[in-house]
Amino acid sequence: MDAPAAPAAAGAAPSLTFAWLGDPSPDAGGLLLYYQSFQFCATTYAVGDHVYLTPEDQGAPLYLARITAAFEDTQQQGGDRLCVEVQWYERRNNMPPALQEGMHEREVVEWLQTDTNLVGCIERKARVVKARSYEEAAAQLPPEEAGGEWHFCRGVLEVESMEFRSYEEVDADPAMCVDPRSGQVMRRPAAGPGGSVALGGRGGVDLGSQAHWPSS
């Protein structure tokens, strides 16, 4: 089943091109078509990739997130059809004061919270290394890339309680699990949107947008 092609967004820059990669896996109602990967602005993205997203405030740092699902909403028009579900990462400066202490400037924390944004809000790929310390993270990178743009993460934040849990604590908790498709930490039971996502399908559209930070 091929996903319906969305019309070009009015006034969009010609370079903002998009195409789904692979066959869609529809949800139960057939209105949302899930994919494992897509191409946007000549870059291929897949479920599980880390990305920077454009904030609504142009003076703010880029948002950082992991793609946990990618889908086309057939009820929408133009670029509004093309969506990604993302799991947010938070930088040290935006963490509660009690949790900022001891955090490295490159360290981020994985939030146990997801949000839906348009594909057009994606700025570029990001790199997040899972490690217990800056030194351990840097050792996983080629020497020539250690001074580049990357982050490392030691664990997750329970958003409701604002409790930090290391990945070791998550692994030891039978109530927690990791989505094998995206790498997302979640509570059991937690089925991925649309179930198992198959590859295939293609569409094309021009688009551009900004990310919306989840309200707390």
# chains A, B, ... in the order shown; residues from 1 in each chain; ligands from 1

call {"tool": "select_by_dssp", "arguments": {"residues": "range 84-210 of chain A", "states": "alpha helix (DSSP H)", "output": "VMD selection string"}}
result
chain A and resid 97 to 100 134 to 139 167 to 172

call {"tool": "write_last_selection", "arguments": {"atoms": "N, CA, C and O atoms", "output": "mmCIF file, in the first residue's frame"}}
result
data_model
loop_
_atom_site.group_PDB
_atom_site.id
_atom_site.type_symbol
_atom_site.label_atom_id
_atom_site.label_comp_id
_atom_site.auth_asym_id
_atom_site.auth_seq_id
_atom_site.Cartn_x
_atom_site.Cartn_y
_atom_site.Cartn_z
ATOM 1 N N PRO A 97 17.569 22.374 39.942
ATOM 2 C CA PRO A 97 18.864 22.673 40.572
ATOM 3 C C PRO A 97 19.501 21.481 41.275
ATOM 4 O O PRO A 97 20.715 21.281 41.189
ATOM 5 N N ALA A 98 18.694 20.671 41.942
ATOM 6 C CA ALA A 98 19.246 19.534 42.680
ATOM 7 C C ALA A 98 19.884 18.509 41.756
ATOM 8 O O ALA A 98 20.784 17.766 42.166
ATOM 9 N N LEU A 99 19.426 18.456 40.503
ATOM 10 C CA LEU A 99 19.962 17.488 39.554
ATOM 11 C C LEU A 99 21.083 18.071 38.698
ATOM 12 O O LEU A 99 21.815 17.328 38.048
ATOM 13 N N GLN A 100 21.207 19.394 38.683
ATOM 14 C CA GLN A 100 22.270 20.019 37.897
ATOM 15 C C GLN A 100 23.647 19.747 38.492
ATOM 16 O O GLN A 100 24.637 19.643 37.762
ATOM 17 N N TYR A 134 31.537 11.341 31.367
ATOM 18 C CA TYR A 134 32.069 11.998 30.169
ATOM 19 C C TYR A 134 33.244 11.207 29.605
ATOM 20 O O TYR A 134 33.350 11.010 28.392
ATOM 21 N N GLU A 135 34.122 10.739 30.483
ATOM 22 C CA GLU A 135 35.304 10.006 30.031
ATOM 23 C C GLU A 135 34.915 8.722 29.303
ATOM 24 O O GLU A 135 35.499 8.380 28.268
ATOM 25 N N GLU A 136 33.926 8.017 29.830
ATOM 26 C CA GLU A 136 33.476 6.781 29.189
ATOM 27 C C GLU A 136 32.838 7.079 27.833
ATOM 28 O O GLU A 136 33.032 6.332 26.868
ATOM 29 N N ALA A 137 32.098 8.179 27.763
ATOM 30 C CA ALA A 137 31.466 8.553 26.498
ATOM 31 C C ALA A 137 32.504 8.949 25.463
ATOM 32 O O ALA A 137 32.452 8.510 24.306
ATOM 33 N N ALA A 138 33.472 9.771 25.866
ATOM 34 C CA ALA A 138 34.499 10.235 24.931
ATOM 35 C C ALA A 138 35.316 9.070 24.390
ATOM 36 O O ALA A 138 35.756 9.088 23.234
ATOM 37 N N ALA A 139 35.506 8.037 25.211
ATOM 38 C CA ALA A 139 36.288 6.879 24.784
ATOM 39 C C ALA A 139 35.575 6.082 23.694
ATOM 40 O O ALA A 139 36.214 5.297 22.976
ATOM 41 N N TYR A 167 20.722 4.285 33.993
ATOM 42 C CA TYR A 167 20.356 3.166 33.123
ATOM 43 C C TYR A 167 20.552 1.831 33.837
ATOM 44 O O TYR A 167 19.826 0.867 33.564
ATOM 45 N N GLU A 168 21.499 1.760 34.763
ATOM 46 C CA GLU A 168 21.684 0.534 35.541
ATOM 47 C C GLU A 168 20.452 0.259 36.400
ATOM 48 O O GLU A 168 20.006 -0.896 36.520
ATOM 49 N N GLU A 169 19.888 1.307 36.984
ATOM 50 C CA GLU A 169 18.676 1.143 37.789
ATOM 51 C C GLU A 169 17.488 0.754 36.916
ATOM 52 O O GLU A 169 16.645 -0.060 37.322
ATOM 53 N N VAL A 170 17.418 1.326 35.733
ATOM 54 C CA VAL A 170 16.338 0.980 34.804
ATOM 55 C C VAL A 170 16.437 -0.488 34.400
ATOM 56 O O VAL A 170 15.440 -1.219 34.382
ATOM 57 N N ASP A 171 17.655 -0.945 34.088
ATOM 58 C CA ASP A 171 17.850 -2.337 33.669
ATOM 59 C C ASP A 171 17.454 -3.322 34.767
ATOM 60 O O ASP A 171 17.004 -4.439 34.477
ATOM 61 N N ALA A 172 17.620 -2.912 36.020
ATOM 62 C CA ALA A 172 17.329 -3.809 37.141
ATOM 63 C C ALA A 172 15.862 -3.785 37.556
ATOM 64 O O ALA A 172 15.442 -4.589 38.396
#

call {"tool": "residues_around", "arguments": {"residues": "range 145-151 of chain A", "least_positions_apart": "3", "cutoff": "8 Å", "atoms": "only C-alpha atoms", "output": "compact mmCIF listing (two decimals) with N, CA, C and O atoms, in the first residue's frame"}}
result
# COMPACT_ATOMS: atom_id res chain seq x y z
N ARG A 106 28.30 18.53 28.69
CA ARG A 106 27.82 17.76 27.55
C ARG A 106 26.71 16.77 27.93
O ARG A 106 26.16 16.10 27.07
N GLU A 107 26.41 16.69 29.20
CA GLU A 107 25.45 15.69 29.66
C GLU A 107 24.01 16.13 29.42
O GLU A 107 23.66 17.29 29.61
N VAL A 108 23.18 15.18 29.02
CA VAL A 108 21.74 15.38 28.88
C VAL A 108 21.03 14.25 29.61
O VAL A 108 21.64 13.24 29.95
N ALA A 126 21.58 14.37 15.47
CA ALA A 126 22.36 14.62 16.68
C ALA A 126 23.01 13.32 17.13
O ALA A 126 22.65 12.24 16.66
N ARG A 127 23.97 13.43 18.02
CA ARG A 127 24.63 12.24 18.57
C ARG A 127 24.51 12.27 20.09
O ARG A 127 24.93 13.22 20.74
N VAL A 128 23.91 11.21 20.64
CA VAL A 128 23.82 11.03 22.08
C VAL A 128 24.43 9.68 22.42
O VAL A 128 23.98 8.65 21.91
N VAL A 129 25.44 9.68 23.26
CA VAL A 129 26.14 8.47 23.65
C VAL A 129 25.67 8.05 25.04
O VAL A 129 25.63 8.87 25.96
N ALA A 138 33.47 9.77 25.87
CA ALA A 138 34.50 10.23 24.93
C ALA A 138 35.32 9.07 24.39
O ALA A 138 35.76 9.09 23.23
N LEU A 141 34.13 7.46 21.13
CA LEU A 141 34.17 8.24 19.90
C LEU A 141 35.55 8.16 19.26
O LEU A 141 36.56 8.06 19.96
N PRO A 142 35.62 8.25 17.93
CA PRO A 142 36.93 8.38 17.28
C PRO A 142 37.61 9.65 17.78
O PRO A 142 36.94 10.67 18.01

call {"tool": "select_by_dssp", "arguments": {"residues": "range 1-160 of chain A", "states": "strand (DSSP E or B)", "output": "JSON, numbers by chain"}}
result
{"A": [17, 18, 19, 20, 21, 25, 26, 32, 33, 34, 35, 37, 38, 39, 40, 43, 44, 45, 46, 50, 51, 52, 53, 63, 64, 65, 66, 67, 68, 69, 70, 71, 72, 73, 82, 83, 84, 85, 86, 87, 88, 89, 90, 91, 107, 108, 109, 110, 111, 112, 113, 114, 115, 116, 117, 118, 122, 123, 124, 125, 128, 129, 130, 151, 152, 153, 154, 155, 156, 157, 158]}

call {"tool": "closest_atom_pairs", "arguments": {"of": "range 126-198 of chain A", "to": "range 42-51 of chain A", "cutoff": "10 Å", "atoms": "only C-alpha atoms", "output": "JSON lines"}}
result
{"residue": "A:Ala126", "atom": "CA", "partner": "A:Val51", "partner_atom": "CA", "distance": 4.6}
{"residue": "A:Arg127", "atom": "CA", "partner": "A:His50", "partner_atom": "CA", "distance": 6.1}
{"residue": "A:Val128", "atom": "CA", "partner": "A:His50", "partner_atom": "CA", "distance": 6.8}
{"residue": "A:Asp179", "atom": "CA", "partner": "A:Gly48", "partner_atom": "CA", "distance": 9.4}
{"residue": "A:Pro180", "atom": "CA", "partner": "A:Gly48", "partner_atom": "CA", "distance": 9.1}
{"residue": "A:Arg181", "atom": "CA", "partner": "A:Gly48", "partner_atom": "CA", "distance": 6.7}
{"residue": "A:Ser182", "atom": "CA", "partner": "A:Gly48", "partner_atom": "CA", "distance": 3.8}
{"residue": "A:Gly183", "atom": "CA", "partner": "A:Gly48", "partner_atom": "CA", "distance": 6.0}
{"residue": "A:Gln184", "atom": "CA", "partner": "A:Gly48", "partner_atom": "CA", "distance": 7.7}
{"residue": "A:Val197", "atom": "CA", "partner": "A:Val47", "partner_atom": "CA", "distance": 9.8}

call {"tool": "residues_around", "arguments": {"residues": "range 68-73 of chain A", "least_positions_apart": "5", "cutoff": "6 Å", "atoms": "only C-alpha atoms", "output": "ChimeraX atom specification"}}
result
/A:32-35,47-48,81-86,182

call {"tool": "atom_distance", "arguments": {"atom1": "CA of Cys153 in chain A", "atom2": "CA of Val178 in chain A"}}
result
15.2 Å

call {"tool": "residues_around", "arguments": {"residues": "Glu160 in chain A", "least_positions_apart": "2", "cutoff": "12 Å", "atoms": "only C-alpha atoms", "output": "NGL selection string"}}
result
:A and (111-113 or 157-158 or 162-164 or 216)
